[in-house]
Amino acid sequence: MIFILTAGIITYDHLALSDLSRSAVRAAVISDDPAAAAEQLVTLVDESIRVQTSVNDESGLVLVKLERRRALPLPFVAQMLPRFAVRASAVMMVEPPQVIGDGLP
């Protein structure tokens with residue numbers, strides 16, 4: 001029972017972190033400062049999540065990697081098991097600036 005509960009908690013954490021990484025990379029690709037935008041979004045959700053952002057100027061790809069270290073929220077079990085790390089990442093291409101209107105009269 002403890003194993004099933006532990007697997008469920010880790011799976012939930014991974015899904016939540018994956019969703020957050022997609023949101024962070026989306027914020028990064030539409031910003032002038034991708035690293036700051038991704039970090040600001042993640043910090044609003046949880047300050048304990050480590051954020052690493054890299055931008056490849058040649059390909060225009062932005063990579064956001066997130067890592068959360070935590071103990072299991074189960075009484076007595078958390079003291080017996082080490083803290084675990086959950087990692088997620090997302091990649092997206094930088095979007096060109098929006099042009100409003102088409103320039104036609």
# chains A, B, ... in the order shown; residues from 1 in each chain; ligands from 1
call {"tool": "residues_around", "arguments": {"residues": "segment 9-11 of chain A", "least_positions_apart": "4", "cutoff": "10 Å", "atoms": "only C-alpha atoms", "output": "PDB file with N, CA and C atoms, in the first residue's frame"}}
result
ATOM      1  N   PHE A   3       3.879   1.524  -1.201  1.00  0.00           N
ATOM      2  CA  PHE A   3       4.505   1.652  -2.518  1.00  0.00           C
ATOM      3  C   PHE A   3       3.546   2.294  -3.510  1.00  0.00           C
ATOM      4  N   ILE A   4       2.301   1.873  -3.519  1.00  0.00           N
ATOM      5  CA  ILE A   4       1.311   2.430  -4.451  1.00  0.00           C
ATOM      6  C   ILE A   4       1.075   3.910  -4.151  1.00  0.00           C
ATOM      7  N   LEU A   5       0.959   4.252  -2.895  1.00  0.00           N
ATOM      8  CA  LEU A   5       0.763   5.640  -2.505  1.00  0.00           C
ATOM      9  C   LEU A   5       1.969   6.495  -2.883  1.00  0.00           C
ATOM     10  N   LEU A  15       3.750  15.100 -13.116  1.00  0.00           N
ATOM     11  CA  LEU A  15       2.772  15.706 -14.023  1.00  0.00           C
ATOM     12  C   LEU A  15       2.615  17.202 -13.748  1.00  0.00           C
ATOM     13  N   ALA A  16       2.557  17.578 -12.487  1.00  0.00           N
ATOM     14  CA  ALA A  16       2.430  18.998 -12.134  1.00  0.00           C
ATOM     15  C   ALA A  16       3.662  19.787 -12.575  1.00  0.00           C
ATOM     16  N   LEU A  17       4.854  19.202 -12.397  1.00  0.00           N
ATOM     17  CA  LEU A  17       6.081  19.883 -12.795  1.00  0.00           C
ATOM     18  C   LEU A  17       6.193  19.963 -14.321  1.00  0.00           C
ATOM     19  N   LEU A  72       8.643  12.619   0.924  1.00  0.00           N
ATOM     20  CA  LEU A  72       7.268  12.153   0.790  1.00  0.00           C
ATOM     21  C   LEU A  72       6.425  12.696   1.937  1.00  0.00           C
ATOM     22  N   PRO A  73       5.219  13.134   1.654  1.00  0.00           N
ATOM     23  CA  PRO A  73       4.361  13.674   2.714  1.00  0.00           C
ATOM     24  C   PRO A  73       3.601  12.581   3.474  1.00  0.00           C
ATOM     25  N   LEU A  74       4.292  11.516   3.790  1.00  0.00           N
ATOM     26  CA  LEU A  74       3.675  10.415   4.526  1.00  0.00           C
ATOM     27  C   LEU A  74       4.313  10.315   5.900  1.00  0.00           C
ATOM     28  N   PHE A  84      13.567  12.891  -2.604  1.00  0.00           N
ATOM     29  CA  PHE A  84      13.660  12.517  -4.010  1.00  0.00           C
ATOM     30  C   PHE A  84      13.578  13.769  -4.868  1.00  0.00           C
ATOM     31  N   ALA A  85      14.094  13.658  -6.083  1.00  0.00           N
ATOM     32  CA  ALA A  85      14.075  14.774  -7.026  1.00  0.00           C
ATOM     33  C   ALA A  85      13.135  14.436  -8.175  1.00  0.00           C
ATOM     34  N   VAL A  86      12.317  15.403  -8.515  1.00  0.00           N
ATOM     35  CA  VAL A  86      11.444  15.281  -9.676  1.00  0.00           C
ATOM     36  C   VAL A  86      11.912  16.341 -10.665  1.00  0.00           C
TER      37      VAL A  86
END
call {"tool": "select_by_dssp", "arguments": {"residues": "chain A", "states": "helix (DSSP H, G or I)", "output": "PyMOL selection string"}}
result
chain A and resi 2-29+34-45+77-80
call {"tool": "atom_distance", "arguments": {"atom1": "atom CA of Val94 of chain A", "atom2": "atom CA of Asp46 of chain A"}}
result
24.8 Å
call {"tool": "residues_around", "arguments": {"residues": "segment 24-34 of chain A", "least_positions_apart": "2", "cutoff": "10 Å", "atoms": "only C-alpha atoms", "output": "PDB file with C-alpha atoms, in the first residue's frame"}}
result
ATOM      1  CA  SER A  18       5.746  18.970 -16.496  1.00  0.00           C
ATOM      2  CA  ASP A  19       2.754  21.274 -16.827  1.00  0.00           C
ATOM      3  CA  LEU A  20       4.632  24.060 -15.044  1.00  0.00           C
ATOM      4  CA  SER A  21       7.655  23.619 -17.343  1.00  0.00           C
ATOM      5  CA  ARG A  22       5.420  24.020 -20.416  1.00  0.00           C
ATOM      6  CA  ALA A  36      13.721  36.076 -15.968  1.00  0.00           C
ATOM      7  CA  ALA A  37      10.230  35.352 -17.332  1.00  0.00           C
ATOM      8  CA  ALA A  38      10.508  31.611 -16.699  1.00  0.00           C
ATOM      9  CA  GLU A  39      11.951  32.086 -13.229  1.00  0.00           C
ATOM     10  CA  GLN A  40       9.309  34.639 -12.262  1.00  0.00           C
ATOM     11  CA  LEU A  41       6.471  32.327 -13.294  1.00  0.00           C
ATOM     12  CA  VAL A  42       7.922  29.327 -11.464  1.00  0.00           C
ATOM     13  CA  VAL A  51      14.856  26.751 -12.703  1.00  0.00           C
ATOM     14  CA  THR A  53      16.799  28.320 -18.748  1.00  0.00           C
ATOM     15  CA  SER A  54      18.959  28.216 -21.853  1.00  0.00           C
ATOM     16  CA  VAL A  55      18.472  29.951 -25.190  1.00  0.00           C
ATOM     17  CA  GLY A  60      15.883  29.972 -31.661  1.00  0.00           C
ATOM     18  CA  LEU A  61      15.026  27.262 -29.147  1.00  0.00           C
ATOM     19  CA  VAL A  62      14.425  27.971 -25.470  1.00  0.00           C
ATOM     20  CA  LEU A  63      14.878  25.121 -22.979  1.00  0.00           C
ATOM     21  CA  VAL A  64      13.473  25.328 -19.448  1.00  0.00           C
ATOM     22  CA  LYS A  65      14.490  22.660 -16.923  1.00  0.00           C
ATOM     23  CA  LEU A  66      12.814  22.417 -13.529  1.00  0.00           C
ATOM     24  CA  SER A  89      11.769  20.126 -19.051  1.00  0.00           C
ATOM     25  CA  ALA A  90      10.155  21.737 -22.060  1.00  0.00           C
ATOM     26  CA  VAL A  91      11.496  23.213 -25.299  1.00  0.00           C
ATOM     27  CA  MET A  92       9.863  25.784 -27.546  1.00  0.00           C
ATOM     28  CA  MET A  93      10.959  28.053 -30.385  1.00  0.00           C
ATOM     29  CA  VAL A  94      11.167  31.801 -29.755  1.00  0.00           C
ATOM     30  CA  GLU A  95       8.198  33.580 -31.264  1.00  0.00           C
ATOM     31  CA  PRO A  96       8.751  36.581 -33.500  1.00  0.00           C
ATOM     32  CA  PRO A  97       7.330  39.892 -32.275  1.00  0.00           C
ATOM     33  CA  GLN A  98       3.667  40.394 -33.068  1.00  0.00           C
TER      34      GLN A  98
END
call {"tool": "atom_distance", "arguments": {"atom1": "atom CA of Gln52 of chain A", "atom2": "atom CA of Ala7 of chain A"}}
result
26.0 Å
call {"tool": "atom_distance", "arguments": {"atom1": "atom CA of Arg69 of chain A", "atom2": "atom CA of Pro82 of chain A"}}
result
10.1 Å
call {"tool": "decode", "arguments": {"residues": "segment 2-100 of chain A", "atoms": "C-alpha atoms", "output": "PDB file, in the first residue's frame"}}
result
ATOM      1  CA  ILE A   2       2.842   2.383   0.840  1.00  0.00           C
ATOM      2  CA  PHE A   3       4.505   1.652  -2.518  1.00  0.00           C
ATOM      3  CA  ILE A   4       1.311   2.430  -4.451  1.00  0.00           C
ATOM      4  CA  LEU A   5       0.763   5.640  -2.505  1.00  0.00           C
ATOM      5  CA  THR A   6       4.396   6.679  -3.025  1.00  0.00           C
ATOM      6  CA  ALA A   7       4.211   5.977  -6.762  1.00  0.00           C
ATOM      7  CA  GLY A   8       1.019   8.029  -6.981  1.00  0.00           C
ATOM      8  CA  ILE A   9       2.567  10.997  -5.189  1.00  0.00           C
ATOM      9  CA  ILE A  10       5.678  10.932  -7.383  1.00  0.00           C
ATOM     10  CA  THR A  11       3.582  10.608 -10.546  1.00  0.00           C
ATOM     11  CA  TYR A  12       1.383  13.526  -9.513  1.00  0.00           C
ATOM     12  CA  ASP A  13       4.470  15.660  -8.768  1.00  0.00           C
ATOM     13  CA  HIS A  14       5.965  14.818 -12.155  1.00  0.00           C
ATOM     14  CA  LEU A  15       2.772  15.706 -14.023  1.00  0.00           C
ATOM     15  CA  ALA A  16       2.430  18.998 -12.134  1.00  0.00           C
ATOM     16  CA  LEU A  17       6.081  19.883 -12.795  1.00  0.00           C
ATOM     17  CA  SER A  18       5.746  18.970 -16.496  1.00  0.00           C
ATOM     18  CA  ASP A  19       2.754  21.274 -16.827  1.00  0.00           C
ATOM     19  CA  LEU A  20       4.632  24.060 -15.044  1.00  0.00           C
ATOM     20  CA  SER A  21       7.655  23.619 -17.343  1.00  0.00           C
ATOM     21  CA  ARG A  22       5.420  24.020 -20.416  1.00  0.00           C
ATOM     22  CA  SER A  23       3.908  27.190 -18.953  1.00  0.00           C
ATOM     23  CA  ALA A  24       7.355  28.546 -18.051  1.00  0.00           C
ATOM     24  CA  VAL A  25       8.808  27.947 -21.509  1.00  0.00           C
ATOM     25  CA  ARG A  26       5.731  29.590 -23.056  1.00  0.00           C
ATOM     26  CA  ALA A  27       6.300  32.661 -20.883  1.00  0.00           C
ATOM     27  CA  ALA A  28       9.995  32.608 -21.812  1.00  0.00           C
ATOM     28  CA  VAL A  29       9.553  32.508 -25.600  1.00  0.00           C
ATOM     29  CA  ILE A  30       7.294  35.557 -25.699  1.00  0.00           C
ATOM     30  CA  SER A  31       9.511  37.626 -23.380  1.00  0.00           C
ATOM     31  CA  ASP A  32      12.494  39.869 -24.058  1.00  0.00           C
ATOM     32  CA  ASP A  33      14.291  38.224 -21.112  1.00  0.00           C
ATOM     33  CA  PRO A  34      13.465  34.481 -21.284  1.00  0.00           C
ATOM     34  CA  ALA A  35      15.335  33.416 -18.145  1.00  0.00           C
ATOM     35  CA  ALA A  36      13.721  36.076 -15.968  1.00  0.00           C
ATOM     36  CA  ALA A  37      10.230  35.352 -17.332  1.00  0.00           C
ATOM     37  CA  ALA A  38      10.508  31.611 -16.699  1.00  0.00           C
ATOM     38  CA  GLU A  39      11.951  32.086 -13.229  1.00  0.00           C
ATOM     39  CA  GLN A  40       9.309  34.639 -12.262  1.00  0.00           C
ATOM     40  CA  LEU A  41       6.471  32.327 -13.294  1.00  0.00           C
ATOM     41  CA  VAL A  42       7.922  29.327 -11.464  1.00  0.00           C
ATOM     42  CA  THR A  43       8.658  31.370  -8.334  1.00  0.00           C
ATOM     43  CA  LEU A  44       5.014  32.468  -8.187  1.00  0.00           C
ATOM     44  CA  VAL A  45       4.013  28.795  -8.025  1.00  0.00           C
ATOM     45  CA  ASP A  46       6.714  27.434  -5.713  1.00  0.00           C
ATOM     46  CA  GLU A  47       9.936  29.107  -4.587  1.00  0.00           C
ATOM     47  CA  SER A  48      11.616  25.768  -3.870  1.00  0.00           C
ATOM     48  CA  ILE A  49      11.689  24.722  -7.542  1.00  0.00           C
ATOM     49  CA  ARG A  50      15.068  25.189  -9.227  1.00  0.00           C
ATOM     50  CA  VAL A  51      14.856  26.751 -12.703  1.00  0.00           C
ATOM     51  CA  GLN A  52      17.459  26.532 -15.457  1.00  0.00           C
ATOM     52  CA  THR A  53      16.799  28.320 -18.748  1.00  0.00           C
ATOM     53  CA  SER A  54      18.959  28.216 -21.853  1.00  0.00           C
ATOM     54  CA  VAL A  55      18.472  29.951 -25.190  1.00  0.00           C
ATOM     55  CA  ASN A  56      20.085  28.748 -28.413  1.00  0.00           C
ATOM     56  CA  ASP A  57      20.437  31.831 -30.608  1.00  0.00           C
ATOM     57  CA  GLU A  58      21.187  29.804 -33.759  1.00  0.00           C
ATOM     58  CA  SER A  59      18.089  27.616 -33.665  1.00  0.00           C
ATOM     59  CA  GLY A  60      15.883  29.972 -31.661  1.00  0.00           C
ATOM     60  CA  LEU A  61      15.026  27.262 -29.147  1.00  0.00           C
ATOM     61  CA  VAL A  62      14.425  27.971 -25.470  1.00  0.00           C
ATOM     62  CA  LEU A  63      14.878  25.121 -22.979  1.00  0.00           C
ATOM     63  CA  VAL A  64      13.473  25.328 -19.448  1.00  0.00           C
ATOM     64  CA  LYS A  65      14.490  22.660 -16.923  1.00  0.00           C
ATOM     65  CA  LEU A  66      12.814  22.417 -13.529  1.00  0.00           C
ATOM     66  CA  GLU A  67      13.785  20.395 -10.487  1.00  0.00           C
ATOM     67  CA  ARG A  68      11.961  19.952  -7.204  1.00  0.00           C
ATOM     68  CA  ARG A  69      13.479  18.083  -4.255  1.00  0.00           C
ATOM     69  CA  ARG A  70      11.168  16.947  -1.540  1.00  0.00           C
ATOM     70  CA  ALA A  71      10.368  14.273   0.982  1.00  0.00           C
ATOM     71  CA  LEU A  72       7.268  12.153   0.790  1.00  0.00           C
ATOM     72  CA  PRO A  73       4.361  13.674   2.714  1.00  0.00           C
ATOM     73  CA  LEU A  74       3.675  10.415   4.526  1.00  0.00           C
ATOM     74  CA  PRO A  75       4.112  10.206   8.292  1.00  0.00           C
ATOM     75  CA  PHE A  76       6.864   7.857   9.448  1.00  0.00           C
ATOM     76  CA  VAL A  77       7.720   6.821   5.865  1.00  0.00           C
ATOM     77  CA  ALA A  78       9.331  10.157   5.003  1.00  0.00           C
ATOM     78  CA  GLN A  79      11.821   9.703   7.836  1.00  0.00           C
ATOM     79  CA  MET A  80      12.935   6.322   6.487  1.00  0.00           C
ATOM     80  CA  LEU A  81      13.308   7.321   2.844  1.00  0.00           C
ATOM     81  CA  PRO A  82      15.655   9.939   1.372  1.00  0.00           C
ATOM     82  CA  ARG A  83      14.392  13.061  -0.333  1.00  0.00           C
ATOM     83  CA  PHE A  84      13.660  12.517  -4.010  1.00  0.00           C
ATOM     84  CA  ALA A  85      14.075  14.774  -7.026  1.00  0.00           C
ATOM     85  CA  VAL A  86      11.444  15.281  -9.676  1.00  0.00           C
ATOM     86  CA  ARG A  87      12.640  16.836 -12.937  1.00  0.00           C
ATOM     87  CA  ALA A  88      10.806  18.118 -15.993  1.00  0.00           C
ATOM     88  CA  SER A  89      11.769  20.126 -19.051  1.00  0.00           C
ATOM     89  CA  ALA A  90      10.155  21.737 -22.060  1.00  0.00           C
ATOM     90  CA  VAL A  91      11.496  23.213 -25.299  1.00  0.00           C
ATOM     91  CA  MET A  92       9.863  25.784 -27.546  1.00  0.00           C
ATOM     92  CA  MET A  93      10.959  28.053 -30.385  1.00  0.00           C
ATOM     93  CA  VAL A  94      11.167  31.801 -29.755  1.00  0.00           C
ATOM     94  CA  GLU A  95       8.198  33.580 -31.264  1.00  0.00           C
ATOM     95  CA  PRO A  96       8.751  36.581 -33.500  1.00  0.00           C
ATOM     96  CA  PRO A  97       7.330  39.892 -32.275  1.00  0.00           C
ATOM     97  CA  GLN A  98       3.667  40.394 -33.068  1.00  0.00           C
ATOM     98  CA  VAL A  99       2.855  42.780 -35.867  1.00  0.00           C
ATOM     99  CA  ILE A 100      -0.428  44.550 -35.442  1.00  0.00           C
TER     100      ILE A 100
END
